[in-house]
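S.K.: I'd like to ask you about the structure that follows.
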Amino acid sequence: MTEPTLDGLRAETLAVTSGRPERQVDAPFNQPAVFASTYVGSHHPDDGDLGYGRYANPTWHALERAIGGLEGGRALTFSSGMAAAHAIVELLPASATVVLPTNCYLGVSALIDQRAALLNWTVRRVLVSDTAAVISAAENADLLWIESPTNPTIEVADLPALAAAVSETAIVVADNTFATPLLQQPLSQKAHLVLHSATKLMSGHSDALLGAVVVRSDRDDLYDRLEVTRRVHGAVPGVMESYLVLRGLRTLVLRLERAQENAAILAERLDRHPAVCRTRFPGLPNDPGHEVASRTMAGFGSLMAIELADAVTANAFIDRLNLWVHATSLGGVESTLERRRRWRSELLTVPEGLVRMSVGIEHVEDLWTDLEQALAVS
Ligand SMILES: *Cc1c(COP(=O)(O)O)cnc(C)c1O
């Protein structure tokens, strides 16, 4: 996590310093939450850059400078990760061809199916870890959607190889929600757009919904279209949410460091546990994503999944836990887990006994004690 970023400052520093107001005596040190639906106007359209609360807000802008600085591009924030994803797919015309990972965030998969039915799109689904298959599917495609590591199956894509092969002919989008810009920066690897559900690790406290798209700095054309889409669709971030996510972002480096340290220890123990059929975590040397993640990411992240024998076994395990919370979503300071197939809409390629785990920042031995007692009787 110590590679210098574009302006010479490292991510650890940018996470703390970017998006702050100008230094003036008695000015607030932090960007305040500016609650305003409108701003004082002028007769001249070129005066001022805010105008109306659906077009612009100083608190959004501070957060966008911080996220953009970390990813190395220009960020636009939205009311949720899905609103950001929707703005991206709105870039595509009718009859477009879209390549999507077989396993990816359920909402994105449903969104693309919905648009495909309306707009006569061709959707090609491929395992994102199969680099040759993705590149071949992306031939003549308009958009390649990469998610890596994937939710909830924790598969790893060779992002630099995919983006290098495809970015001349198709828009390349990387959902960087799981890795965060601390572990990979897709724009520097030739992707055009990065998607974030800032609801997750960026915010980190399970108290806000917010999404972001970060646009590569040579693609102002895409930035302008996305900005117009946000204006006319109105899926703008809340001011309070923007404030909370920026506040959360200040400690992302420390939270992620501790969480991924915990995840590595727990994955190694779970992998050896007789009740666990399979542990999915790219930090494990036997994980199919290990080689690519070691080569392309600055860390293995804080998300993992275990597979238990079946749904009944997994549910019983979850019911015996005391410290771990059974909840959807992920990336908070608290450790949560979820049997994903409890959702009727979850993709059928996700095993019934798969439990996704979002490792938090608690003491790792307390987390392990709880898992061990819940696994012991299964
Ligand atoms: C949660 C999530 C989303 C959607 O974000 P919301 O903020 O819930 O709308 C998109 N991609 C991934 C990988 C996610 O985990």
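Quick note on naming: the chains in the structure tokens go A, B, ... in the order shown, residues restart at 1 in each chain, and ligands are numbered from 1 in order of appearance.
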List the neighbours of Glu241 in chain A out to 10 Å using only C-alpha atoms; skip same-chain residues closer than 4 positions along the sequence, and give me the result as a ChimeraX atom specification.

M.R.: /A:33,59-60,79-80,198-199,203,207-210,237,245-247

S.K.: In range 245-356 of chain A, what's helix (DSSP H, G or I) per DSSP? Answer as a ChimeraX atom specification?

M.R.: /A:245-249,252-272,290-296,311-319,340-342

S.K.: Which residue is closest to Val34 in chain A? Choose from A:Val215, A:Met202, A:Met357, A:Met240 and count only C-alpha atoms.

M.R.: A:Met240

S.K.: Would you pick out the contacts of range 327-337 of chain A at 6 Å or less, using only C-alpha atoms, so that residues sharing its chain but fewer than 3 positions from it are not included, and give the list as a ChimeraX atom specification?

M.R.: /A:200-201,204-206,324,356-361

S.K.: Would you mind listing what lies within 12 Å of Leu270 in chain A as number ranges by chain, with only C-alpha atoms counted and same-chain residues fewer than 5 positions away left out?

M.R.: A: 263-265, 275-281, 284, 304-308, 357, 367-369, 371-372, 374-376

S.K.: Using only C-alpha atoms and all ligand atoms, find the one residue out of A:Cys104, A:Ala75, A:Leu14, A:Ile318 that sits nearest to ligand 1.

M.R.: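 Among A:Cys104, A:Ala75, A:Leu14, A:Ile318, it is A:Cys104 that comes nearest to ligand 1.
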
S.K.: With only C-alpha atoms as the counted atoms, please give the residues lying no more than 12 Å from Ala212 in chain A, apart from itself and same-chain residues fewer than 5 positions off, as a VMD selection string.

M.R.: chain A and resid 60 to 61 63 to 68 71 73 to 88 174 to 177 180 193 to 200 202 to 203 223 226 to 227 230 235 to 237 242 245

S.K.: DSSP on the backbone: what in range 25-241 of chain A comes out strand (DSSP E or B), as number ranges by chain?

M.R.: A: 38, 52, 73-78, 97-101, 122-126, 143-147, 171-175, 193-197, 211-216

S.K.: Given the choices A:Asn322, A:Ser95, A:Ser167, A:Ser345, which gets closest to Leu119 in chain A if the distance is worked out from only C-alpha atoms?

M.R.: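 Going through A:Asn322, A:Ser95, A:Ser167, A:Ser345 one by one, the smallest distance to Leu119 in chain A is for A:Ser95.
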
S.K.: When distances are computed from only C-alpha atoms and all ligand atoms, which of A:Asn57, A:Pro149, A:Tyr39, A:Glu22 shows the smallest separation from ligand 1?

M.R.: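 Of A:Asn57, A:Pro149, A:Tyr39, A:Glu22, the one nearest ligand 1, counting only C-alpha atoms and all ligand atoms, is A:Pro149.
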
S.K.: Find, counting only C-alpha atoms, the residue in A:Leu249, A:Val173, A:Val166, A:Val156 that gets nearest to Gly301 in chain A.

M.R.: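 Closest to Gly301 in chain A of all the choices is A:Val156.
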
S.K.: So, counting only C-alpha atoms and all ligand atoms, which residue among A:Asp221, A:Val239, A:Pro45, A:Phe178 is closest to ligand 1?

M.R.: A:Phe178

S.K.: By how many Å are CA of Val355 in chain A and CA of Leu254 in chain A apart?

M.R.: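 About the pair CA of Val355 in chain A and CA of Leu254 in chain A: they are 25.5 Å apart.
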
S.K.: What separation in Å, quoted to one decimal, exists between atom 3 (C, counted along the ligand's line) of ligand 1 and CA of Ile154 in chain A?

M.R.: 14.2 Å
